[in-house]
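Content type mmCIF, C-alpha atoms; chains and numbers go by the auth columns, from the file run13.cif:
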data_run
loop_
_atom_site.group_PDB
_atom_site.id
_atom_site.type_symbol
_atom_site.label_atom_id
_atom_site.label_comp_id
_atom_site.label_asym_id
_atom_site.label_seq_id
_atom_site.Cartn_x
_atom_site.Cartn_y
_atom_site.Cartn_z
_atom_site.B_iso_or_equiv
_atom_site.auth_seq_id
_atom_site.auth_asym_id
ATOM 1 C CA MET A 1 118.740 137.280 111.314 0.00 114 A
ATOM 2 C CA ALA A 2 118.852 135.141 108.202 0.00 115 A
ATOM 3 C CA ALA A 3 121.306 136.134 105.494 0.00 116 A
ATOM 4 C CA LYS A 4 119.798 137.753 102.433 0.00 117 A
ATOM 5 C CA GLN A 5 119.457 135.606 99.357 0.00 118 A
ATOM 6 C CA LYS A 6 121.847 136.701 96.633 0.00 119 A
ATOM 7 C CA ILE A 7 120.839 137.262 93.026 0.00 120 A
ATOM 8 C CA LEU A 8 123.335 137.655 90.194 0.00 121 A
ATOM 9 C CA ILE A 9 121.984 139.907 87.417 0.00 122 A
ATOM 10 C CA VAL A 10 123.679 139.350 84.056 0.00 123 A
ATOM 11 C CA ASP A 11 122.588 141.940 81.485 0.00 124 A
ATOM 12 C CA ASP A 12 124.518 144.229 79.141 0.00 125 A
ATOM 13 C CA ASP A 13 121.837 146.933 79.417 0.00 126 A
ATOM 14 C CA PRO A 14 122.695 148.997 82.533 0.00 127 A
ATOM 15 C CA ASN A 15 119.230 150.577 82.646 0.00 128 A
ATOM 16 C CA ILE A 16 117.431 147.231 82.785 0.00 129 A
ATOM 17 C CA ALA A 17 119.982 145.761 85.195 0.00 130 A
ATOM 18 C CA ASP A 18 119.691 148.738 87.555 0.00 131 A
ATOM 19 C CA LEU A 19 115.881 148.653 87.449 0.00 132 A
ATOM 20 C CA VAL A 20 115.766 144.925 88.203 0.00 133 A
ATOM 21 C CA SER A 21 118.305 145.379 90.990 0.00 134 A
ATOM 22 C CA LEU A 22 116.243 148.186 92.507 0.00 135 A
ATOM 23 C CA TYR A 23 113.069 146.093 92.640 0.00 136 A
ATOM 24 C CA LEU A 24 114.847 143.043 94.035 0.00 137 A
ATOM 25 C CA THR A 25 116.637 145.129 96.664 0.00 138 A
ATOM 26 C CA LYS A 26 113.257 146.486 97.762 0.00 139 A
ATOM 27 C CA GLU A 27 112.218 142.864 98.303 0.00 140 A
ATOM 28 C CA CYS A 28 115.235 142.392 100.601 0.00 141 A
ATOM 29 C CA TYR A 29 117.412 140.471 98.170 0.00 142 A
ATOM 30 C CA GLU A 30 121.103 141.195 97.780 0.00 143 A
ATOM 31 C CA THR A 31 122.101 141.792 94.150 0.00 144 A
ATOM 32 C CA MET A 32 125.224 141.924 92.049 0.00 145 A
ATOM 33 C CA ILE A 33 125.293 143.166 88.450 0.00 146 A
ATOM 34 C CA VAL A 34 127.672 142.014 85.717 0.00 147 A
ATOM 35 C CA TYR A 35 127.442 142.997 82.069 0.00 148 A
ATOM 36 C CA ASP A 36 128.900 140.046 80.143 0.00 149 A
ATOM 37 C CA GLY A 37 129.138 136.269 80.200 0.00 150 A
ATOM 38 C CA GLU A 38 132.809 136.079 81.161 0.00 151 A
ATOM 39 C CA SER A 39 132.179 138.194 84.264 0.00 152 A
ATOM 40 C CA ALA A 40 129.152 136.075 85.146 0.00 153 A
ATOM 41 C CA LEU A 41 131.161 132.851 85.102 0.00 154 A
ATOM 42 C CA ALA A 42 134.061 134.478 86.935 0.00 155 A
ATOM 43 C CA SER A 43 131.808 135.697 89.754 0.00 156 A
ATOM 44 C CA LEU A 44 130.030 132.388 90.406 0.00 157 A
ATOM 45 C CA ASP A 45 132.486 131.008 92.955 0.00 158 A
ATOM 46 C CA SER A 46 133.221 134.304 94.676 0.00 159 A
ATOM 47 C CA TYR A 47 129.622 135.571 94.890 0.00 160 A
ATOM 48 C CA GLN A 48 127.830 132.195 95.130 0.00 161 A
ATOM 49 C CA PRO A 49 124.377 133.488 94.116 0.00 162 A
ATOM 50 C CA ASN A 50 121.155 131.768 95.121 0.00 163 A
ATOM 51 C CA LEU A 51 119.660 132.586 91.720 0.00 164 A
ATOM 52 C CA ILE A 52 120.895 133.965 88.385 0.00 165 A
ATOM 53 C CA LEU A 53 118.956 136.316 86.096 0.00 166 A
ATOM 54 C CA LEU A 54 120.616 135.721 82.749 0.00 167 A
ATOM 55 C CA ASP A 55 120.161 137.779 79.594 0.00 168 A
ATOM 56 C CA LEU A 56 120.580 135.771 76.392 0.00 169 A
ATOM 57 C CA MET A 57 122.107 138.393 74.115 0.00 170 A
ATOM 58 C CA LEU A 58 125.410 139.182 75.818 0.00 171 A
ATOM 59 C CA PRO A 59 128.704 140.398 74.354 0.00 172 A
ATOM 60 C CA GLY A 60 131.336 137.677 74.103 0.00 173 A
ATOM 61 C CA ILE A 61 129.943 134.464 75.585 0.00 174 A
ATOM 62 C CA ASP A 62 126.160 134.526 75.063 0.00 175 A
ATOM 63 C CA GLY A 63 123.554 133.506 77.600 0.00 176 A
ATOM 64 C CA TYR A 64 123.119 130.037 76.122 0.00 177 A
ATOM 65 C CA GLN A 65 126.796 129.228 76.602 0.00 178 A
ATOM 66 C CA VAL A 66 126.815 130.758 80.087 0.00 179 A
ATOM 67 C CA CYS A 67 123.816 128.586 81.027 0.00 180 A
ATOM 68 C CA ARG A 68 125.540 125.509 79.609 0.00 181 A
ATOM 69 C CA GLU A 69 128.727 126.240 81.583 0.00 182 A
ATOM 70 C CA ILE A 70 126.826 126.818 84.839 0.00 183 A
ATOM 71 C CA ARG A 71 124.762 123.662 84.437 0.00 184 A
ATOM 72 C CA SER A 72 127.896 121.575 83.889 0.00 185 A
ATOM 73 C CA LYS A 73 129.000 122.521 87.408 0.00 186 A
ATOM 74 C CA GLN A 74 125.986 123.354 89.561 0.00 187 A
ATOM 75 C CA SER A 75 122.196 123.472 89.833 0.00 188 A
ATOM 76 C CA THR A 76 121.798 127.133 90.873 0.00 189 A
ATOM 77 C CA PRO A 77 118.383 128.287 89.570 0.00 190 A
ATOM 78 C CA ILE A 78 118.536 130.308 86.338 0.00 191 A
ATOM 79 C CA ILE A 79 115.854 132.607 84.914 0.00 192 A
ATOM 80 C CA MET A 80 116.622 133.590 81.330 0.00 193 A
ATOM 81 C CA LEU A 81 115.733 137.039 80.029 0.00 194 A
ATOM 82 C CA SER A 82 115.467 137.886 76.368 0.00 195 A
ATOM 83 C CA ALA A 83 113.940 140.396 73.989 0.00 196 A
ATOM 84 C CA LYS A 84 113.657 137.610 71.448 0.00 197 A
ATOM 85 C CA GLY A 85 110.281 135.928 71.611 0.00 198 A
ATOM 86 C CA GLU A 86 110.737 133.051 69.196 0.00 199 A
ATOM 87 C CA VAL A 87 109.748 129.623 70.470 0.00 200 A
ATOM 88 C CA PHE A 88 113.182 128.374 69.376 0.00 201 A
ATOM 89 C CA ASP A 89 114.942 130.566 71.910 0.00 202 A
ATOM 90 C CA LYS A 90 112.662 129.500 74.719 0.00 203 A
ATOM 91 C CA VAL A 91 112.942 125.806 73.930 0.00 204 A
ATOM 92 C CA LEU A 92 116.725 125.948 73.646 0.00 205 A
ATOM 93 C CA GLY A 93 116.991 127.800 76.943 0.00 206 A
ATOM 94 C CA LEU A 94 114.883 125.179 78.691 0.00 207 A
ATOM 95 C CA GLU A 95 116.820 122.349 77.077 0.00 208 A
ATOM 96 C CA LEU A 96 120.035 123.820 78.461 0.00 209 A
ATOM 97 C CA GLY A 97 118.582 123.697 81.959 0.00 210 A
ATOM 98 C CA ALA A 98 117.053 127.120 82.623 0.00 211 A
ATOM 99 C CA ASP A 99 114.370 127.072 85.312 0.00 212 A
ATOM 100 C CA ASP A 100 112.271 129.847 83.820 0.00 213 A
ATOM 101 C CA TYR A 101 112.225 132.272 80.919 0.00 214 A
ATOM 102 C CA MET A 102 110.880 135.804 80.599 0.00 215 A
ATOM 103 C CA GLU A 103 110.578 137.968 77.519 0.00 216 A
ATOM 104 C CA LYS A 104 111.470 141.649 77.492 0.00 217 A
ATOM 105 C CA PRO A 105 109.842 143.987 78.079 0.00 218 A
ATOM 106 C CA PHE A 106 108.625 142.347 81.276 0.00 219 A
ATOM 107 C CA ASP A 107 106.636 143.599 84.233 0.00 220 A
ATOM 108 C CA THR A 108 109.026 144.012 87.155 0.00 221 A
ATOM 109 C CA LYS A 109 106.418 142.799 89.640 0.00 222 A
ATOM 110 C CA GLU A 110 105.967 139.618 87.631 0.00 223 A
ATOM 111 C CA LEU A 111 109.734 139.156 87.516 0.00 224 A
ATOM 112 C CA VAL A 112 109.931 139.461 91.310 0.00 225 A
ATOM 113 C CA ALA A 113 107.078 136.940 91.617 0.00 226 A
ATOM 114 C CA ARG A 114 108.919 134.511 89.333 0.00 227 A
ATOM 115 C CA VAL A 115 112.136 134.947 91.315 0.00 228 A
ATOM 116 C CA LYS A 116 110.317 134.181 94.567 0.00 229 A
ATOM 117 C CA ALA A 117 108.581 131.156 93.067 0.00 230 A
ATOM 118 C CA VAL A 118 111.759 129.650 91.616 0.00 231 A
ATOM 119 C CA LEU A 119 113.673 130.197 94.866 0.00 232 A
ATOM 120 C CA ARG A 120 110.806 128.724 96.884 0.00 233 A
ATOM 121 C CA ARG A 121 110.699 125.656 94.658 0.00 234 A
ATOM 122 C CA TYR A 122 114.439 125.187 94.755 0.00 235 A
ATOM 123 C CA LYS A 123 114.594 125.568 98.524 0.00 236 A
ATOM 124 C CA SER A 124 111.733 123.113 98.932 0.00 237 A
ATOM 125 C CA ALA A 125 113.426 120.561 96.669 0.00 238 A
ATOM 126 C CA VAL A 126 116.736 120.866 98.507 0.00 239 A
ATOM 127 C CA SER A 127 115.182 120.644 101.986 0.00 240 A
ATOM 128 C CA THR A 128 113.033 117.698 100.943 0.00 241 A
ATOM 129 C CA THR A 129 115.941 115.764 99.516 0.00 242 A
ATOM 130 C CA ALA A 130 118.159 116.667 102.463 0.00 243 A
ATOM 131 C CA GLY A 131 115.616 115.399 104.958 0.00 244 A
ATOM 132 C CA HIS A 132 114.816 112.062 103.375 0.00 245 A
ATOM 133 C CA SER A 133 117.004 109.168 102.353 0.00 246 A
ATOM 134 C CA ASP A 134 114.263 107.227 100.588 0.00 247 A
ATOM 135 C CA LYS A 135 113.549 109.574 97.691 0.00 248 A
ATOM 136 C CA MET A 136 114.318 106.912 95.141 0.00 249 A
ATOM 137 C CA VAL A 137 112.441 104.795 92.636 0.00 250 A
ATOM 138 C CA GLU A 138 113.892 101.709 91.049 0.00 251 A
ATOM 139 C CA TYR A 139 112.983 99.742 87.930 0.00 252 A
ATOM 140 C CA PRO A 140 114.943 97.223 85.880 0.00 253 A
ATOM 141 C CA ASP A 141 118.028 99.083 84.543 0.00 254 A
ATOM 142 C CA LEU A 142 116.796 102.402 85.965 0.00 255 A
ATOM 143 C CA ILE A 143 117.348 104.013 89.381 0.00 256 A
ATOM 144 C CA ILE A 144 116.173 107.607 89.941 0.00 257 A
ATOM 145 C CA ASN A 145 117.499 109.103 93.160 0.00 258 A
ATOM 146 C CA LEU A 146 116.060 112.453 94.174 0.00 259 A
ATOM 147 C CA THR A 147 118.207 112.586 97.305 0.00 260 A
ATOM 148 C CA ASN A 148 121.436 113.160 95.421 0.00 261 A
ATOM 149 C CA TYR A 149 119.864 114.058 92.065 0.00 262 A
ATOM 150 C CA SER A 150 121.281 111.111 90.160 0.00 263 A
ATOM 151 C CA VAL A 151 119.956 108.764 87.511 0.00 264 A
ATOM 152 C CA LEU A 152 121.489 105.359 86.875 0.00 265 A
ATOM 153 C CA TYR A 153 120.418 103.901 83.530 0.00 266 A
ATOM 154 C CA MET A 154 121.777 100.589 82.211 0.00 267 A
ATOM 155 C CA GLY A 155 124.461 100.796 84.892 0.00 268 A
ATOM 156 C CA GLN A 156 125.638 104.247 83.769 0.00 269 A
ATOM 157 C CA ASN A 157 125.136 107.648 85.387 0.00 270 A
ATOM 158 C CA VAL A 158 123.062 109.962 83.202 0.00 271 A
ATOM 159 C CA ASP A 159 123.588 113.704 83.460 0.00 272 A
ATOM 160 C CA MET A 160 120.406 115.747 83.356 0.00 273 A
ATOM 161 C CA PRO A 161 119.278 119.171 84.627 0.00 274 A
ATOM 162 C CA PRO A 162 117.217 119.221 87.854 0.00 275 A
ATOM 163 C CA LYS A 163 113.896 119.764 86.075 0.00 276 A
ATOM 164 C CA GLU A 164 114.348 116.753 83.813 0.00 277 A
ATOM 165 C CA LEU A 165 115.234 114.565 86.772 0.00 278 A
ATOM 166 C CA GLU A 166 112.313 115.838 88.854 0.00 279 A
ATOM 167 C CA LEU A 167 109.906 115.225 85.978 0.00 280 A
ATOM 168 C CA LEU A 168 111.193 111.685 85.457 0.00 281 A
ATOM 169 C CA TYR A 169 111.062 110.974 89.192 0.00 282 A
ATOM 170 C CA PHE A 170 107.518 112.329 89.495 0.00 283 A
ATOM 171 C CA LEU A 171 106.221 110.214 86.610 0.00 284 A
ATOM 172 C CA ALA A 172 108.090 107.089 87.715 0.00 285 A
ATOM 173 C CA SER A 173 106.810 107.506 91.276 0.00 286 A
ATOM 174 C CA SER A 174 103.254 106.977 90.007 0.00 287 A
ATOM 175 C CA PRO A 175 103.562 104.232 87.391 0.00 288 A
ATOM 176 C CA ASN A 176 100.750 103.969 84.849 0.00 289 A
ATOM 177 C CA HIS A 177 99.135 107.152 86.150 0.00 290 A
ATOM 178 C CA VAL A 178 98.281 109.588 83.367 0.00 291 A
ATOM 179 C CA PHE A 179 99.157 113.226 84.076 0.00 292 A
ATOM 180 C CA THR A 180 98.053 116.154 81.941 0.00 293 A
ATOM 181 C CA ARG A 181 100.679 118.663 80.832 0.00 294 A
ATOM 182 C CA GLU A 182 99.054 121.232 83.113 0.00 295 A
ATOM 183 C CA GLN A 183 99.349 118.906 86.113 0.00 296 A
ATOM 184 C CA LEU A 184 103.009 118.276 85.344 0.00 297 A
ATOM 185 C CA LEU A 185 103.690 121.994 84.958 0.00 298 A
ATOM 186 C CA ASP A 186 102.094 122.667 88.305 0.00 299 A
ATOM 187 C CA GLN A 187 103.892 119.797 90.073 0.00 300 A
ATOM 188 C CA ILE A 188 107.389 120.242 88.654 0.00 301 A
ATOM 189 C CA TRP A 189 107.570 123.983 88.142 0.00 302 A
ATOM 190 C CA GLY A 190 105.566 124.758 91.245 0.00 303 A
ATOM 191 C CA TYR A 191 103.384 127.480 89.751 0.00 304 A
ATOM 192 C CA GLU A 192 101.485 128.283 86.592 0.00 305 A
ATOM 193 C CA TYR A 193 103.957 128.512 83.747 0.00 306 A
ATOM 194 C CA ILE A 194 101.770 130.971 81.820 0.00 307 A
ATOM 195 C CA GLY A 195 99.993 128.049 80.176 0.00 308 A
ATOM 196 C CA ASP A 196 103.061 127.052 78.181 0.00 309 A
ATOM 197 C CA THR A 197 102.660 123.290 77.999 0.00 310 A
ATOM 198 C CA ARG A 198 105.456 123.076 75.407 0.00 311 A
ATOM 199 C CA THR A 199 107.805 123.244 78.379 0.00 312 A
ATOM 200 C CA VAL A 200 106.717 119.728 79.368 0.00 313 A
ATOM 201 C CA ASP A 201 107.058 118.424 75.797 0.00 314 A
ATOM 202 C CA VAL A 202 110.616 119.751 75.583 0.00 315 A
ATOM 203 C CA HIS A 203 111.638 118.003 78.788 0.00 316 A
ATOM 204 C CA ILE A 204 109.962 114.724 77.797 0.00 317 A
ATOM 205 C CA LYS A 205 111.794 114.872 74.456 0.00 318 A
ATOM 206 C CA ARG A 206 115.107 115.371 76.245 0.00 319 A
ATOM 207 C CA LEU A 207 114.377 112.509 78.637 0.00 320 A
ATOM 208 C CA ARG A 208 113.599 110.169 75.741 0.00 321 A
ATOM 209 C CA GLU A 209 116.926 111.036 74.146 0.00 322 A
ATOM 210 C CA LYS A 210 118.717 109.917 77.304 0.00 323 A
ATOM 211 C CA ILE A 211 116.411 107.153 78.595 0.00 324 A
ATOM 212 C CA LYS A 212 115.277 104.769 75.869 0.00 325 A
ATOM 213 C CA ASP A 213 112.191 102.545 76.142 0.00 326 A
ATOM 214 C CA HIS A 214 112.818 99.370 78.137 0.00 327 A
ATOM 215 C CA ASP A 215 111.137 95.964 77.916 0.00 328 A
ATOM 216 C CA SER A 216 109.665 96.605 81.380 0.00 329 A
ATOM 217 C CA TRP A 217 108.845 100.317 81.207 0.00 330 A
ATOM 218 C CA LYS A 218 108.661 103.391 78.981 0.00 331 A
ATOM 219 C CA LEU A 219 107.644 107.047 78.869 0.00 332 A
ATOM 220 C CA SER A 220 104.318 107.001 77.045 0.00 333 A
ATOM 221 C CA THR A 221 102.464 109.817 75.339 0.00 334 A
ATOM 222 C CA ILE A 222 98.706 109.804 75.891 0.00 335 A
ATOM 223 C CA TRP A 223 97.587 111.757 72.864 0.00 336 A
ATOM 224 C CA GLY A 224 95.496 114.810 73.634 0.00 337 A
ATOM 225 C CA ILE A 225 96.057 114.413 77.379 0.00 338 A
ATOM 226 C CA GLY A 226 99.635 114.137 78.556 0.00 339 A
ATOM 227 C CA TYR A 227 102.143 111.513 79.662 0.00 340 A
ATOM 228 C CA LYS A 228 102.642 108.513 81.906 0.00 341 A
ATOM 229 C CA PHE A 229 105.442 106.225 83.016 0.00 342 A
ATOM 230 C CA GLU A 230 104.128 102.925 81.704 0.00 343 A
ATOM 231 C CA THR A 231 105.184 99.656 83.296 0.00 344 A
ATOM 232 C CA LYS A 232 104.559 96.088 82.176 0.00 345 A
ATOM 233 C CA GLY A 233 103.685 93.632 84.900 0.00 346 A
ATOM 234 C CA SER A 234 103.931 94.640 88.537 0.00 347 A
ATOM 235 C CA HIS A 235 106.286 97.247 89.896 0.00 348 A
#
Can you present the structure in this file as structure tokens?
Amino acid sequence: MAAKQKILIVDDDPNIADLVSLYLTKECYETMIVYDGESALASLDSYQPNLILLDLMLPGIDGYQVCREIRSKQSTPIIMLSAKGEVFDKVLGLELGADDYMEKPFDTKELVARVKAVLRRYKSAVSTTAGHSDKMVEYPDLIINLTNYSVLYMGQNVDMPPKELELLYFLASSPNHVFTREQLLDQIWGYEYIGDTRTVDVHIKRLREKIKDHDSWKLSTIWGIGYKFETKGSH
């Protein structure tokens, strides 16, 4: 019998944490609840969760900092939870490497669906990269390797969260092909992201900060449509 997937719930509201745990347990997940950021970081190595549900407004170290700390060490999927609905919060969470974001109050069934989708995507990405040694695209001064999730730009390794790397790899794998934001959402996030195309814009912006336009290639915006990885001459 396969081991249950483990979910770490980080929320300072015991009522919400218990409710989420109850629903996830019904779906045959194993859960662990902690109520602050310090405990979340301390339990990572010992509990080794498959996914983290992370509240933003925590006592002590807030959810943003917890996300930043986790991402500096590992790519465990993170779904952020917050009662704050401002776009700023959502964008910052995504920039820090969160895989998804839900606003409170949320429907528990939708939360379970999001958890399943993120885990399914992550498992698929890991199994795909583990089974193939040729998941790599190469351009002058740029090598994107999906097998070991690395990007070499101008001879230097560039750190980036999994979603940024997957987006760059996807675009670079189909040079000069224009993709709409909706297509990119569906391909990279693996399910409908509630129509929030700003997610794609945020990740493109972050990529452009790390990967500057080259004489041979660049990330191009196709106004009113989406994006493409534009190359000059033949690839």
The PyMOL selection byres ((chain A and resi 339) around 6) applied to the shown file, residues as a count of residues only = 6
Given the choices A:Ser286, A:Phe342, A:Ser195, A:Asn270, which gets closest to Lys323 (chain A) if the distance is worked out from all atoms listed in the file?
->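 Answer, going by the shortest atom-to-atom distance: A:Asn270.
From CA of Ser134 (chain A) back to CA of Val225 (chain A), the distance works out to 10.3 Å.
Against this structure, the PyMOL selection byres ((chain A and resi 149) around 7) ends up with Val123, Asp124, Asp125, Val147, Tyr148, Gly150, Glu151, Ser152, Ala153, Leu171, Pro172 and Gly173 of chain A.
Considering the residues A:Thr138, A:Asn261, A:Asn289, A:Ser159 and counting all atoms listed in the file, Ser333 (chain A) has its shortest atom-to-atom contact with A:Asn289.
Coordinates place CA of Met273 (chain A) at a distance of 22.4 Å from CA of Val228 (chain A).
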What's the 10 Å shell around Lys318 (chain A), counting all atoms listed in the file, without same-chain residues fewer than 4 positions away, as a list in words?
->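 Returned residues: Glu208, Glu277, Val313, Asp314, Glu322, Lys323, Ile324 and Leu332 of chain A.
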Could you please determine the separation between CA of Lys236 (chain A) and CA of Ser188 (chain A) in Å, to one decimal place?
->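 Those two atoms sit 11.7 Å apart.
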Choose the residue, out of A:Asp326, A:Asp213, A:Glu143, A:Asp220, that has the smallest atom-to-atom separation from Lys276 (chain A); count all atoms listed in the file.
-> A:Asp213
Would you kindly translate the PyMOL selection byres ((chain A and resi 311) around 10) into the concrete residues it picks from this file, as a compact mmCIF listing (two decimals) with C-alpha atoms, in the coordinates of the input?
# COMPACT_ATOMS: atom_id res chain seq x y z
CA VAL A 200 109.75 129.62 70.47
CA LYS A 203 112.66 129.50 74.72
CA VAL A 204 112.94 125.81 73.93
CA ARG A 294 100.68 118.66 80.83
CA LEU A 298 103.69 121.99 84.96
CA GLY A 308 99.99 128.05 80.18
CA ASP A 309 103.06 127.05 78.18
CA THR A 310 102.66 123.29 78.00
CA THR A 312 107.80 123.24 78.38
CA VAL A 313 106.72 119.73 79.37
CA ASP A 314 107.06 118.42 75.80
CA VAL A 315 110.62 119.75 75.58
CA HIS A 316 111.64 118.00 78.79
CA ILE A 317 109.96 114.72 77.80
Could you give me the axis-aligned bounding box of region 319-337 of chain A, with 3 Å of padding per side, as centre plus edge lengths in Å to one decimal, as JSON?
{"center_x": 107.1, "center_y": 105.7, "center_z": 77.1, "size_x": 29.2, "size_y": 25.4, "size_z": 14.5}
Contacts of Ile183 (chain A) at 12 Å (all atoms listed in the file; same-chain gap of 2+ positions) as number ranges by chain = A: 150-151, 153-158, 161-162, 164-165, 167, 176-181, 185-191, 209-211, 274
Just the selected residues (C-alpha atoms), exported as a CSV table (one decimal), in the frame of the given file, please.
chain,number,residue,atom,x,y,z
A,150,GLY,CA,129.1,136.3,80.2
A,151,GLU,CA,132.8,136.1,81.2
A,153,ALA,CA,129.2,136.1,85.1
A,154,LEU,CA,131.2,132.9,85.1
A,155,ALA,CA,134.1,134.5,86.9
A,156,SER,CA,131.8,135.7,89.8
A,157,LEU,CA,130.0,132.4,90.4
A,158,ASP,CA,132.5,131.0,93.0
A,161,GLN,CA,127.8,132.2,95.1
A,162,PRO,CA,124.4,133.5,94.1
A,164,LEU,CA,119.7,132.6,91.7
A,165,ILE,CA,120.9,134.0,88.4
A,167,LEU,CA,120.6,135.7,82.7
A,176,GLY,CA,123.6,133.5,77.6
A,177,TYR,CA,123.1,130.0,76.1
A,178,GLN,CA,126.8,129.2,76.6
A,179,VAL,CA,126.8,130.8,80.1
A,180,CYS,CA,123.8,128.6,81.0
A,181,ARG,CA,125.5,125.5,79.6
A,185,SER,CA,127.9,121.6,83.9
A,186,LYS,CA,129.0,122.5,87.4
A,187,GLN,CA,126.0,123.4,89.6
A,188,SER,CA,122.2,123.5,89.8
A,189,THR,CA,121.8,127.1,90.9
A,190,PRO,CA,118.4,128.3,89.6
A,191,ILE,CA,118.5,130.3,86.3
A,209,LEU,CA,120.0,123.8,78.5
A,210,GLY,CA,118.6,123.7,82.0
A,211,ALA,CA,117.1,127.1,82.6
A,274,PRO,CA,119.3,119.2,84.6
Leu281 (chain A): which residues within 8 Å, counting only C-alpha atoms, same-chain residues fewer than 3 positions away excluded, as a compact mmCIF listing (two decimals) with C-alpha atoms, in the frame of the given file?
# COMPACT_ATOMS: atom_id res chain seq x y z
CA ILE A 257 116.17 107.61 89.94
CA GLU A 277 114.35 116.75 83.81
CA LEU A 278 115.23 114.56 86.77
CA LEU A 284 106.22 110.21 86.61
CA ALA A 285 108.09 107.09 87.72
CA LEU A 320 114.38 112.51 78.64
Nearby residues (all atoms listed in the file) at most 10 Å from Glu251 (chain A), same-chain spacing under 4 positions excluded, as a PyMOL selection string = chain A and resi 255-258+264-265+282+285-286+348
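Minimum atom-to-atom distances from A:Leu297, A:Ile192, A:Ala130, A:Val291 to Trp336 (chain A) were compared using only C-alpha atoms, and the lowest value belongs to A:Val291.
Neighbours of Leu224 (chain A) closer than or equal to 12 Å, with all atoms listed in the file counted and sequence neighbours fewer than 6 positions away skipped, come out as Leu132, Val133, Ser134, Tyr136, Leu137, Glu140, Leu166, Ile192, Met193, Leu194, Asp213, Tyr214, Met215, Glu216, Lys217, Pro218, Ala230 and Val231 of chain A.
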Store the residues picked out above in a file with C-alpha atoms, as an mmCIF file, keeping the file's coordinate frame.
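For reference, part17.cif as written:
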data_model
loop_
_atom_site.group_PDB
_atom_site.id
_atom_site.type_symbol
_atom_site.label_atom_id
_atom_site.label_comp_id
_atom_site.auth_asym_id
_atom_site.auth_seq_id
_atom_site.Cartn_x
_atom_site.Cartn_y
_atom_site.Cartn_z
ATOM 1 C CA LEU A 132 115.881 148.653 87.449
ATOM 2 C CA VAL A 133 115.766 144.925 88.203
ATOM 3 C CA SER A 134 118.305 145.379 90.990
ATOM 4 C CA TYR A 136 113.069 146.093 92.640
ATOM 5 C CA LEU A 137 114.847 143.043 94.035
ATOM 6 C CA GLU A 140 112.218 142.864 98.303
ATOM 7 C CA LEU A 166 118.956 136.316 86.096
ATOM 8 C CA ILE A 192 115.854 132.607 84.914
ATOM 9 C CA MET A 193 116.622 133.590 81.330
ATOM 10 C CA LEU A 194 115.733 137.039 80.029
ATOM 11 C CA ASP A 213 112.271 129.847 83.820
ATOM 12 C CA TYR A 214 112.225 132.272 80.919
ATOM 13 C CA MET A 215 110.880 135.804 80.599
ATOM 14 C CA GLU A 216 110.578 137.968 77.519
ATOM 15 C CA LYS A 217 111.470 141.649 77.492
ATOM 16 C CA PRO A 218 109.842 143.987 78.079
ATOM 17 C CA ALA A 230 108.581 131.156 93.067
ATOM 18 C CA VAL A 231 111.759 129.650 91.616
#
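You can rank A:Pro275, A:Ala196, A:Val250, A:Leu232 by their closest distance to Tyr262 (chain A) using only C-alpha atoms, and at the top of that list sits A:Pro275.
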Nearest to Ile301 (chain A), chosen from A:Trp330, A:Phe283, A:Tyr252, A:Phe219, with only C-alpha atoms counted in the distances =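 Ranked by minimum distance to Ile301 (chain A), first place goes to A:Phe283.
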